[in-house]
Amino acid sequence: MKPIGKVTHYYGKLGVAIVELKDKLAVGDRVRFERGEHSFDQEVTSMEEDYKSVEKAGSGASVGIKVKEKVHEGALVLLDN
């Protein structure tokens with residue numbers, strides 16, 4: 001597992017986490033969200049940058065990712081390689 005970003009915001013009603021990336025990420029990648037004792041894995045099924053759907057994003061991008069569980073600000077995002 002490789003750290004690729006951090007959650008900067010979570011929209012509960014939408015189930016979307018805003019992630020600031022430090023490396024590339026693409027739809028179809030498997031990621032883990034970790035904060036303290038809470039963690040979960042999921043596949044990236046949709047991703048948006050500046051309110052537009054994107055297939056991939058790189059370092060420095062801030063993207064919205066649909067998540068299956070609640071995630072807290074500051075959670076680490078790890079790429080399953």
# chains A, B, ... in the order shown; residues from 1 in each chain; ligands from 1
$ residues_around --residues "Asn81 (chain A)" --least-positions-apart "2" --cutoff "12 Å" --atoms "only C-alpha atoms" --output "list in words"
Met1, Lys2, Pro3, Ile4, Leu25, Asp29, Arg30, Val31, Arg32, Leu78 and Leu79 of chain A
$ write_last_selection --atoms "C-alpha atoms" --output "compact mmCIF listing (two decimals), in the first residue's frame"
# COMPACT_ATOMS: atom_id res chain seq x y z
CA MET A 1 0.00 0.00 0.00
CA LYS A 2 1.39 3.34 -1.09
CA PRO A 3 0.18 6.68 0.39
CA ILE A 4 -1.20 8.86 -2.41
CA LEU A 25 -5.04 7.90 -9.24
CA ASP A 29 -7.78 1.55 -8.82
CA ARG A 30 -8.24 -0.04 -5.39
CA VAL A 31 -7.66 2.27 -2.44
CA ARG A 32 -7.78 2.15 1.36
CA LEU A 78 -3.44 4.48 0.16
CA LEU A 79 -3.17 2.89 -3.27
$ residues_around --residues "Ser46 (chain A)" --least-positions-apart "5" --cutoff "7 Å" --atoms "only C-alpha atoms" --output "list of chain:residue names"
A:Val27, A:Ile65, A:Lys66
$ write_last_selection --atoms "C-alpha atoms" --output "PDB file, in the first residue's frame"
ATOM      1  CA  VAL A  27     -10.931   5.008 -11.923  1.00  0.00           C
ATOM      2  CA  ILE A  65     -14.454  10.253  -4.912  1.00  0.00           C
ATOM      3  CA  LYS A  66     -17.707   8.430  -4.176  1.00  0.00           C
TER       4      LYS A  66
END
$ closest_residue --among "A:Glu43, A:Glu34, A:Glu69, A:Glu49" --to "Gly15 (chain A)" --atoms "only C-alpha atoms"
A:Glu69
$ atom_distance --atom1 "CA of Asp41 (chain A)" --atom2 "CA of Lys68 (chain A)"
9.1 Å
$ residues_around --residues "Leu76 (chain A)" --least-positions-apart "4" --cutoff "12 Å" --atoms "only C-alpha atoms" --output "compact mmCIF listing (two decimals) with N, CA and C atoms, in the first residue's frame"
# COMPACT_ATOMS: atom_id res chain seq x y z
N MET A 1 0.85 -1.18 0.00
CA MET A 1 0.00 0.00 0.00
C MET A 1 0.89 1.24 0.00
N LYS A 2 0.59 2.14 -0.91
CA LYS A 2 1.39 3.34 -1.09
C LYS A 2 0.53 4.57 -0.80
N PRO A 3 0.96 5.47 0.11
CA PRO A 3 0.18 6.68 0.39
C PRO A 3 0.13 7.59 -0.84
N ILE A 4 -1.07 8.00 -1.23
CA ILE A 4 -1.20 8.86 -2.41
C ILE A 4 -1.98 10.15 -2.14
N GLY A 5 -2.51 10.31 -0.93
CA GLY A 5 -3.25 11.53 -0.66
C GLY A 5 -3.91 11.53 0.69
N LYS A 6 -4.69 12.61 0.91
CA LYS A 6 -5.35 12.79 2.20
C LYS A 6 -6.74 13.38 1.97
N VAL A 7 -7.69 12.94 2.78
CA VAL A 7 -9.06 13.47 2.70
C VAL A 7 -9.07 14.87 3.32
N THR A 8 -9.56 15.85 2.55
CA THR A 8 -9.63 17.22 3.06
C THR A 8 -11.05 17.61 3.44
N ALA A 17 -15.89 11.93 -0.76
CA ALA A 17 -14.70 12.42 -0.07
C ALA A 17 -13.88 13.26 -1.04
N ILE A 18 -13.43 14.42 -0.59
CA ILE A 18 -12.52 15.25 -1.37
C ILE A 18 -11.11 14.86 -0.96
N VAL A 19 -10.31 14.47 -1.94
CA VAL A 19 -8.97 13.96 -1.69
C VAL A 19 -7.95 14.83 -2.42
N GLU A 20 -6.97 15.31 -1.67
CA GLU A 20 -5.85 16.03 -2.27
C GLU A 20 -4.77 15.00 -2.57
N LEU A 21 -4.46 14.87 -3.86
CA LEU A 21 -3.55 13.82 -4.31
C LEU A 21 -2.09 14.25 -4.27
N LYS A 22 -1.22 13.31 -3.90
CA LYS A 22 0.22 13.51 -3.96
C LYS A 22 0.84 12.58 -5.00
N VAL A 31 -8.25 1.41 -3.45
CA VAL A 31 -7.66 2.27 -2.44
C VAL A 31 -8.14 1.88 -1.05
N ARG A 32 -7.39 2.32 -0.04
CA ARG A 32 -7.78 2.15 1.36
C ARG A 32 -7.82 3.53 2.00
N PHE A 33 -8.88 3.79 2.75
CA PHE A 33 -9.00 5.00 3.55
C PHE A 33 -8.70 4.61 4.99
N GLU A 34 -7.76 5.31 5.64
CA GLU A 34 -7.33 4.97 7.00
C GLU A 34 -7.28 6.20 7.88
N ARG A 35 -7.89 6.10 9.06
CA ARG A 35 -7.73 7.13 10.08
C ARG A 35 -7.94 6.47 11.43
N GLY A 36 -6.89 6.44 12.23
CA GLY A 36 -6.97 5.78 13.53
C GLY A 36 -7.26 4.30 13.35
N GLU A 37 -8.25 3.82 14.10
CA GLU A 37 -8.62 2.41 14.05
C GLU A 37 -9.53 2.08 12.87
N HIS A 38 -10.13 3.11 12.26
CA HIS A 38 -11.09 2.90 11.18
C HIS A 38 -10.39 2.88 9.82
N SER A 39 -10.65 1.84 9.05
CA SER A 39 -10.16 1.77 7.68
C SER A 39 -11.10 0.91 6.85
N PHE A 40 -11.12 1.19 5.54
CA PHE A 40 -11.88 0.35 4.62
C PHE A 40 -11.26 0.44 3.23
N ASP A 41 -11.45 -0.62 2.46
CA ASP A 41 -10.95 -0.70 1.09
C ASP A 41 -12.12 -0.58 0.13
N VAL A 71 -16.08 8.81 5.93
CA VAL A 71 -14.64 8.97 6.11
C VAL A 71 -14.39 10.35 6.70
N HIS A 72 -13.42 10.45 7.60
CA HIS A 72 -13.15 11.71 8.28
C HIS A 72 -12.04 12.49 7.60
$ decode --residues "chain A" --atoms "C-alpha atoms" --output "PDB file, in the first residue's frame"
ATOM      1  CA  MET A   1       0.000   0.000   0.000  1.00  0.00           C
ATOM      2  CA  LYS A   2       1.386   3.343  -1.085  1.00  0.00           C
ATOM      3  CA  PRO A   3       0.183   6.682   0.388  1.00  0.00           C
ATOM      4  CA  ILE A   4      -1.203   8.862  -2.413  1.00  0.00           C
ATOM      5  CA  GLY A   5      -3.250  11.530  -0.660  1.00  0.00           C
ATOM      6  CA  LYS A   6      -5.346  12.794   2.199  1.00  0.00           C
ATOM      7  CA  VAL A   7      -9.064  13.473   2.700  1.00  0.00           C
ATOM      8  CA  THR A   8      -9.633  17.223   3.061  1.00  0.00           C
ATOM      9  CA  HIS A   9     -13.451  17.161   3.263  1.00  0.00           C
ATOM     10  CA  TYR A  10     -16.367  14.720   3.390  1.00  0.00           C
ATOM     11  CA  TYR A  11     -19.879  15.423   2.088  1.00  0.00           C
ATOM     12  CA  GLY A  12     -22.113  13.093   4.110  1.00  0.00           C
ATOM     13  CA  LYS A  13     -25.342  13.544   2.129  1.00  0.00           C
ATOM     14  CA  LEU A  14     -23.522  12.805  -1.139  1.00  0.00           C
ATOM     15  CA  GLY A  15     -21.146  10.165   0.238  1.00  0.00           C
ATOM     16  CA  VAL A  16     -18.210  11.918  -1.428  1.00  0.00           C
ATOM     17  CA  ALA A  17     -14.697  12.417  -0.071  1.00  0.00           C
ATOM     18  CA  ILE A  18     -12.522  15.252  -1.374  1.00  0.00           C
ATOM     19  CA  VAL A  19      -8.968  13.963  -1.685  1.00  0.00           C
ATOM     20  CA  GLU A  20      -5.852  16.032  -2.268  1.00  0.00           C
ATOM     21  CA  LEU A  21      -3.545  13.817  -4.309  1.00  0.00           C
ATOM     22  CA  LYS A  22       0.225  13.511  -3.956  1.00  0.00           C
ATOM     23  CA  ASP A  23       0.416  10.877  -6.704  1.00  0.00           C
ATOM     24  CA  LYS A  24      -1.699   9.656  -9.617  1.00  0.00           C
ATOM     25  CA  LEU A  25      -5.044   7.898  -9.236  1.00  0.00           C
ATOM     26  CA  ALA A  26      -7.405   6.400 -11.812  1.00  0.00           C
ATOM     27  CA  VAL A  27     -10.931   5.008 -11.923  1.00  0.00           C
ATOM     28  CA  GLY A  28     -10.642   1.249 -11.341  1.00  0.00           C
ATOM     29  CA  ASP A  29      -7.785   1.554  -8.823  1.00  0.00           C
ATOM     30  CA  ARG A  30      -8.244  -0.038  -5.387  1.00  0.00           C
ATOM     31  CA  VAL A  31      -7.657   2.274  -2.437  1.00  0.00           C
ATOM     32  CA  ARG A  32      -7.782   2.149   1.357  1.00  0.00           C
ATOM     33  CA  PHE A  33      -9.000   5.004   3.551  1.00  0.00           C
ATOM     34  CA  GLU A  34      -7.332   4.969   7.000  1.00  0.00           C
ATOM     35  CA  ARG A  35      -7.729   7.134  10.075  1.00  0.00           C
ATOM     36  CA  GLY A  36      -6.968   5.783  13.529  1.00  0.00           C
ATOM     37  CA  GLU A  37      -8.618   2.405  14.046  1.00  0.00           C
ATOM     38  CA  HIS A  38     -11.094   2.897  11.180  1.00  0.00           C
ATOM     39  CA  SER A  39     -10.156   1.773   7.679  1.00  0.00           C
ATOM     40  CA  PHE A  40     -11.880   0.347   4.620  1.00  0.00           C
ATOM     41  CA  ASP A  41     -10.948  -0.703   1.086  1.00  0.00           C
ATOM     42  CA  GLN A  42     -12.846   0.029  -2.085  1.00  0.00           C
ATOM     43  CA  GLU A  43     -12.488   0.398  -5.828  1.00  0.00           C
ATOM     44  CA  VAL A  44     -12.591   3.929  -7.258  1.00  0.00           C
ATOM     45  CA  THR A  45     -15.783   3.780  -9.343  1.00  0.00           C
ATOM     46  CA  SER A  46     -16.165   7.492 -10.089  1.00  0.00           C
ATOM     47  CA  MET A  47     -14.018  10.561  -9.703  1.00  0.00           C
ATOM     48  CA  GLU A  48     -14.575  14.260 -10.363  1.00  0.00           C
ATOM     49  CA  GLU A  49     -12.218  17.207 -10.657  1.00  0.00           C
ATOM     50  CA  ASP A  50     -13.674  20.737 -10.810  1.00  0.00           C
ATOM     51  CA  TYR A  51     -17.204  19.225 -11.064  1.00  0.00           C
ATOM     52  CA  LYS A  52     -16.250  17.259 -14.214  1.00  0.00           C
ATOM     53  CA  SER A  53     -15.998  13.484 -14.390  1.00  0.00           C
ATOM     54  CA  VAL A  54     -12.411  12.317 -14.975  1.00  0.00           C
ATOM     55  CA  GLU A  55     -10.827   8.906 -15.521  1.00  0.00           C
ATOM     56  CA  LYS A  56      -7.499   9.826 -13.909  1.00  0.00           C
ATOM     57  CA  ALA A  57      -5.831  12.622 -11.968  1.00  0.00           C
ATOM     58  CA  GLY A  58      -2.282  13.407 -10.903  1.00  0.00           C
ATOM     59  CA  SER A  59      -0.268  14.905  -8.102  1.00  0.00           C
ATOM     60  CA  GLY A  60      -1.630  18.217  -6.824  1.00  0.00           C
ATOM     61  CA  ALA A  61      -5.184  17.535  -7.994  1.00  0.00           C
ATOM     62  CA  SER A  62      -8.123  17.788  -5.620  1.00  0.00           C
ATOM     63  CA  VAL A  63     -10.727  15.175  -6.592  1.00  0.00           C
ATOM     64  CA  GLY A  64     -14.110  14.018  -5.351  1.00  0.00           C
ATOM     65  CA  ILE A  65     -14.454  10.253  -4.912  1.00  0.00           C
ATOM     66  CA  LYS A  66     -17.707   8.430  -4.176  1.00  0.00           C
ATOM     67  CA  VAL A  67     -17.102   6.387  -1.013  1.00  0.00           C
ATOM     68  CA  LYS A  68     -19.032   3.455   0.444  1.00  0.00           C
ATOM     69  CA  GLU A  69     -18.466   4.462   4.103  1.00  0.00           C
ATOM     70  CA  LYS A  70     -18.195   7.663   6.089  1.00  0.00           C
ATOM     71  CA  VAL A  71     -14.639   8.967   6.112  1.00  0.00           C
ATOM     72  CA  HIS A  72     -13.155  11.711   8.283  1.00  0.00           C
ATOM     73  CA  GLU A  73     -11.062  14.687   7.257  1.00  0.00           C
ATOM     74  CA  GLY A  74      -7.379  13.859   7.612  1.00  0.00           C
ATOM     75  CA  ALA A  75      -7.829  10.212   6.614  1.00  0.00           C
ATOM     76  CA  LEU A  76      -4.897   8.831   4.664  1.00  0.00           C
ATOM     77  CA  VAL A  77      -5.598   7.437   1.184  1.00  0.00           C
ATOM     78  CA  LEU A  78      -3.436   4.475   0.164  1.00  0.00           C
ATOM     79  CA  LEU A  79      -3.166   2.889  -3.273  1.00  0.00           C
ATOM     80  CA  ASP A  80      -3.217  -0.919  -3.430  1.00  0.00           C
ATOM     81  CA  ASN A  81      -0.388  -1.753  -5.834  1.00  0.00           C
TER      82      ASN A  81
END
